[in-house]
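Undergrad: Pasting in a structure now, in structure tokens, and then I'll have a few things to ask.
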Amino acid sequence: MRAQIDQQLRKSLADFAAEHEVDDSIDLNPQLERTRDPRHGDFTTNIALRLAKPLGRPPRELAAELADLIPESSLIADVNVAGPGFINLSMSADAYRGELVDIIEAGESYGRSTWGANRRVIVEYVSANPTGPLHVGHGRLAAYGASVANLLRATGHDVHEEYYVNDAGRQMDILTVSVWLRYLQTLGENIEFPEAAYRGDYIHSIARQLHAQWEDRLARFDRTSLLRILADPPSSDDVLLDRIIATVRHGLGDTGFSVIFNAARYSVLDDIREDLAEFGVRPNNWYSERSLADGGALERALKRLNERDRLYVRDGAVWFKATEYGDDKDRVVVRENGATTYFASDIAYHYEKRTRGYELLLDIMGADHHGYVSRVRAALQAMGEPGESLEVRLVQFVALYRGEKKVQMSTRAGEFVTLRQLREEVGNDAARFFYVSRSYDQPLDFDLELAKAQSNDNPVYYVQYAHARVASLLKKMVSEGFSLTPASRSDLRCLTESAEKELLVSLSRYPEVIQLAAVNRAPTHVAQFLRTLAASFHSYYNAHRVLVSDDSLRNARVALACGVQQVLRNGLTLLGVSAPESM
RNA sequence: GCCCCGAUAGCUCAGCCGGAUAGAGCGUCCGCCUCCUAAGCGGAAGGUCAGAGGUUCGAAUCCUCUUCGGGGCGCCA
């Protein structure tokens with residue numbers, strides 16, 4: 001609906017510009033907004049106010065002239081000038097009836113648009129290290145990222161969703177030795193398990209699997225030096241872990257080490273994959289960090305930087321000249337010991353995404369990554385890619401509450417609430433909805449009691465209930481012997497109650513909400529909208545009977561209810577929340 | 001020290017690209033099931049939009065400073 005009005009308005013403005021020979025430098029794009037107060041009509045534009053100064057004319061006079069240029073149509077019932085120079089537009093009842101017909105005809109595609117023009121977007125999200133199960137913080141990234149991807153698809157983008165697997169580097173080595181030490185304990189070896197190693201229960205379970213498959217064959221080497229290190233550990237956790245890694249790697253050899261490594265990697269990744277899938281989050285691709293080195297992408301990226309003279313050597317390390325692109329300091333890409341840094345992988349990965357043909361690289365990550373944004377963008381620019389091709393959305397943290405009480409978590413000790421536990425406790429629907437109910441750039445207090453509450457306190461059930469009510473209405477209709485005759489356009493003329501008008505207005509806003517949510521990467525707008533729509537429907541449902549004996553009125557009201565149900569379902573689907581037929 | 005995010009009703013939060021009288025839920029108080037699901041609805045009370053300047057016809061919204069909170073800074077990932 002808005003799109004149609006917008007088009008008419010633009011045409012009128014073009015006519016105006018031609019007639020008055022308006023200079024090209026003047027911005028003629030109209031801001032067309034919904035009014036907050038119904039007395040101001042349905043839509044309003046401030047274009048006259050904005051043009052008043054550059055054209056040197058009083059705003060109200062300008063508004064009056066522009067208002068006259070807006071052509072008569074079946075959509076617009078009234079145009080008038082108000083306040084300091086707003087042009088207010090009132091839509092005809094017929095326009096709203098037409099919108100309801102559109103909703104029912106378009107069905108699940110109502111609200112979709114082609115605005116994105118098939119622009120190729122790669123959305124990278126979650127990308128948690130495969131060193132343990134996902135926790136509640138990752139859940140927010142998953143729910144948010146998946147919904148943003150859905151919104152972009154709904155607005156006509158060509159979307160690819162990807163999970164970047166950090167399966168290279170020291171953290172994976174630590175995971176590997178953590179598993180191996182637990183495996184030793186399974187064999188009956190009495191060792192002191194290091195504080196700084198991974199301590200979660202899942203480590204034990206991987207170790208037990210290894211034991212079942214390999215018996216003691218992964219421990220057949222001289223372990224005296226290892227036992228000596230464990231018995232008398234150095235004061236630094238990092239030094240201790242590095243020594244253990246070196247010793248175990250030496251003892252097992254590369255093949256033996258990689259048996260443990262792979263067992264750990266696959267076990268953890270399978271768990272993450274299954275967890276996300278059950279949560280309705282299914283990335284198109286899982287991109288391995290190791291494959292960047294193995295496939296030569298890492299080397300190619302560094303070579304490209306070097307060719308462009310953006311690298312130099314200092315203190316035995318290779319540095320990237322990030323300061324030339326506004327970063328605070330230059331950054332190391334190859335360490336003194338010859339190992340490439342995580343940042344080097346990041347550079348290669350992002351460059352590789354560009355070479356795969358993605359126009360926009362949309363990264364969704366935890367707020368703790370904010371330091372990386374400027375340097376990754378710097379690297380892209382240094383390789384000749386546009387800085388705007390990288391867009392990063394930093395998602396703030398999640399604090400869990402059980403009612404008033406904060407749930408304490410410690411990742412290191414393996415004492416944290418996993419995403420799986422959360423989903424089992426509150427359900428997927430409530431979790432998905434809660435995660436996107438707050439704006440991504442705000443910290444989220446996730447109240448487990450509220451998310452579980454099967455009451456009107458819980459916005460998820462509130463919205464789902466509205467959907468289920470319509471379903472039950474349709475069943476009731478059949479059981480009472482009414483025929484399911486689709487409402488005709490003239491039947492819809494029976495929708496004269498103010499609550500019905502309010503619902504129709506609310507429904508017609510849906511495509512605008514999707515557009516806005518996609519532009520701002522803000523699924524929260526959808527959640528907000530659904531609550532409002534559900535509220536209007538519950539209110540209407542309480543005040544007016546749908547299954548009345550008058551055929552036309554009944555058919556019209558059923559059509560309205562079906563329109564509400566369709567829009568609720570479409571919105572919930574974008575958020576990954578189910579739309580139940582009964583509750 | 002530098003950087004990012006924030007401060008709106010008792011509480012939790014909306015408020016789009018600056019727009020007309022700042023909204024919702026919870027909580028409190030008063031009501032509504034012989035009636036399509038009461039997981040619902042109606043009503044009442046509740047505000048110096050942290051503070052001070054600035055830009056503008058117009059500021060909760062944009063800019064600057066101050067105060068108070070949360071987070072981040074690595075040859076870790």
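We name chains A, B, ... following the order of the structure tokens; residues begin at 1 in each chain, and ligands are numbered from 1 as shown.
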Enumerate, in order of chain and increasing residue number, the residues of range 34-73 of chain B with an atom no farther than 12 Å from range 22-30 of chain B, each with its shortest atom pair and distance in Å to one decimal, counting only C-alpha atoms (C1' of nucleotides), as CSV.
TA:
residue,atom,partner,partner_atom,distance
B:G42,C1',B:C30,C1',10.6
B:G43,C1',B:C30,C1',7.5
B:A44,C1',B:C29,C1',7.3
B:A45,C1',B:C29,C1',7.9
B:G46,C1',B:U28,C1',9.8
B:G47,C1',B:A22,C1',8.6
B:C49,C1',B:A22,C1',7.8
B:A60,C1',B:A22,C1',7.5
B:U61,C1',B:A22,C1',11.4
Undergrad: Mind running chain A against chain B at 8 Å and telling me each contacting residue's nearest atom pair with the distance in Å (one decimal), counting only C-alpha atoms (C1' of nucleotides), chain and number ascending, as JSON lines?
TA:
{"residue": "A:Gln31", "atom": "CA", "partner": "B:C17", "partner_atom": "C1'", "distance": 7.6}
{"residue": "A:Asn46", "atom": "CA", "partner": "B:G19", "partner_atom": "C1'", "distance": 7.6}
{"residue": "A:Gly83", "atom": "CA", "partner": "B:A20", "partner_atom": "C1'", "distance": 6.9}
{"residue": "A:Pro84", "atom": "CA", "partner": "B:C57", "partner_atom": "C1'", "distance": 7.9}
{"residue": "A:Asn129", "atom": "CA", "partner": "B:A77", "partner_atom": "C1'", "distance": 7.7}
{"residue": "A:Asn166", "atom": "CA", "partner": "B:A77", "partner_atom": "C1'", "distance": 7.9}
{"residue": "A:Gly169", "atom": "CA", "partner": "B:A77", "partner_atom": "C1'", "distance": 7.6}
{"residue": "A:Arg170", "atom": "CA", "partner": "B:A77", "partner_atom": "C1'", "distance": 7.7}
{"residue": "A:Gln171", "atom": "CA", "partner": "B:A77", "partner_atom": "C1'", "distance": 6.5}
{"residue": "A:Ala317", "atom": "CA", "partner": "B:C75", "partner_atom": "C1'", "distance": 7.1}
{"residue": "A:Val332", "atom": "CA", "partner": "B:C75", "partner_atom": "C1'", "distance": 6.0}
{"residue": "A:Val334", "atom": "CA", "partner": "B:C75", "partner_atom": "C1'", "distance": 7.6}
{"residue": "A:Arg335", "atom": "CA", "partner": "B:C75", "partner_atom": "C1'", "distance": 4.9}
{"residue": "A:Glu336", "atom": "CA", "partner": "B:C75", "partner_atom": "C1'", "distance": 6.6}
{"residue": "A:Thr341", "atom": "CA", "partner": "B:C75", "partner_atom": "C1'", "distance": 7.7}
{"residue": "A:Tyr342", "atom": "CA", "partner": "B:A77", "partner_atom": "C1'", "distance": 6.8}
{"residue": "A:Ala367", "atom": "CA", "partner": "B:G71", "partner_atom": "C1'", "distance": 7.5}
{"residue": "A:Asp368", "atom": "CA", "partner": "B:G72", "partner_atom": "C1'", "distance": 5.8}
{"residue": "A:His369", "atom": "CA", "partner": "B:G72", "partner_atom": "C1'", "distance": 7.8}
{"residue": "A:His370", "atom": "CA", "partner": "B:G72", "partner_atom": "C1'", "distance": 7.0}
{"residue": "A:Gly371", "atom": "CA", "partner": "B:G72", "partner_atom": "C1'", "distance": 7.1}
{"residue": "A:Asp441", "atom": "CA", "partner": "B:C5", "partner_atom": "C1'", "distance": 7.1}
{"residue": "A:Gln442", "atom": "CA", "partner": "B:C5", "partner_atom": "C1'", "distance": 7.4}
{"residue": "A:Gln454", "atom": "CA", "partner": "B:A39", "partner_atom": "C1'", "distance": 5.9}
{"residue": "A:Ser455", "atom": "CA", "partner": "B:A39", "partner_atom": "C1'", "distance": 4.7}
{"residue": "A:Asn456", "atom": "CA", "partner": "B:A39", "partner_atom": "C1'", "distance": 5.8}
{"residue": "A:Asp457", "atom": "CA", "partner": "B:C26", "partner_atom": "C1'", "distance": 7.4}
{"residue": "A:Tyr461", "atom": "CA", "partner": "B:A39", "partner_atom": "C1'", "distance": 6.3}
{"residue": "A:Tyr462", "atom": "CA", "partner": "B:A39", "partner_atom": "C1'", "distance": 6.7}
{"residue": "A:Tyr465", "atom": "CA", "partner": "B:A39", "partner_atom": "C1'", "distance": 6.7}
{"residue": "A:Arg469", "atom": "CA", "partner": "B:U37", "partner_atom": "C1'", "distance": 6.7}
{"residue": "A:Ser472", "atom": "CA", "partner": "B:U37", "partner_atom": "C1'", "distance": 7.8}
{"residue": "A:Leu473", "atom": "CA", "partner": "B:C36", "partner_atom": "C1'", "distance": 5.6}
{"residue": "A:Lys476", "atom": "CA", "partner": "B:C36", "partner_atom": "C1'", "distance": 6.8}
{"residue": "A:Leu516", "atom": "CA", "partner": "B:C16", "partner_atom": "C1'", "distance": 7.1}
{"residue": "A:Gln528", "atom": "CA", "partner": "B:A14", "partner_atom": "C1'", "distance": 7.7}
{"residue": "A:His538", "atom": "CA", "partner": "B:G40", "partner_atom": "C1'", "distance": 6.5}
{"residue": "A:Ser539", "atom": "CA", "partner": "B:C41", "partner_atom": "C1'", "distance": 5.9}
{"residue": "A:Asn542", "atom": "CA", "partner": "B:C41", "partner_atom": "C1'", "distance": 5.7}
{"residue": "A:Ala543", "atom": "CA", "partner": "B:C41", "partner_atom": "C1'", "distance": 7.7}
{"residue": "A:Arg545", "atom": "CA", "partner": "B:C36", "partner_atom": "C1'", "distance": 6.9}
{"residue": "A:Val546", "atom": "CA", "partner": "B:C36", "partner_atom": "C1'", "distance": 6.7}
{"residue": "A:Leu547", "atom": "CA", "partner": "B:C36", "partner_atom": "C1'", "distance": 6.3}
{"residue": "A:Met583", "atom": "CA", "partner": "B:A39", "partner_atom": "C1'", "distance": 8.0}
Undergrad: Excluding His525 in chain A and its own-chain neighbours fewer than 3 positions away, which residues fall within 12 Å of it when counting only C-alpha atoms (C1' of nucleotides)? Please give them as a PyMOL selection string.
TA: (chain A and resi 147-148+151+433+436-440+509-522+528-532+571-572+574-575) or (chain B and resi 14-16)
Undergrad: Name the residues of range 269-430 of chain A that fall into helix (DSSP H, G or I) according to DSSP on the backbone, using the chain letters and numbers of this document, as a ChimeraX atom specification.
TA: /A:269-278,289-294,297-307,322-325,342-355,367-382,387-389,419-426,428-430
Undergrad: Take CA of Tyr202 in chain A and CA of Val426 in chain A and report the distance between them in Å, one decimal.
TA: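 Separating CA of Tyr202 in chain A from CA of Val426 in chain A is a distance of 22.4 Å.
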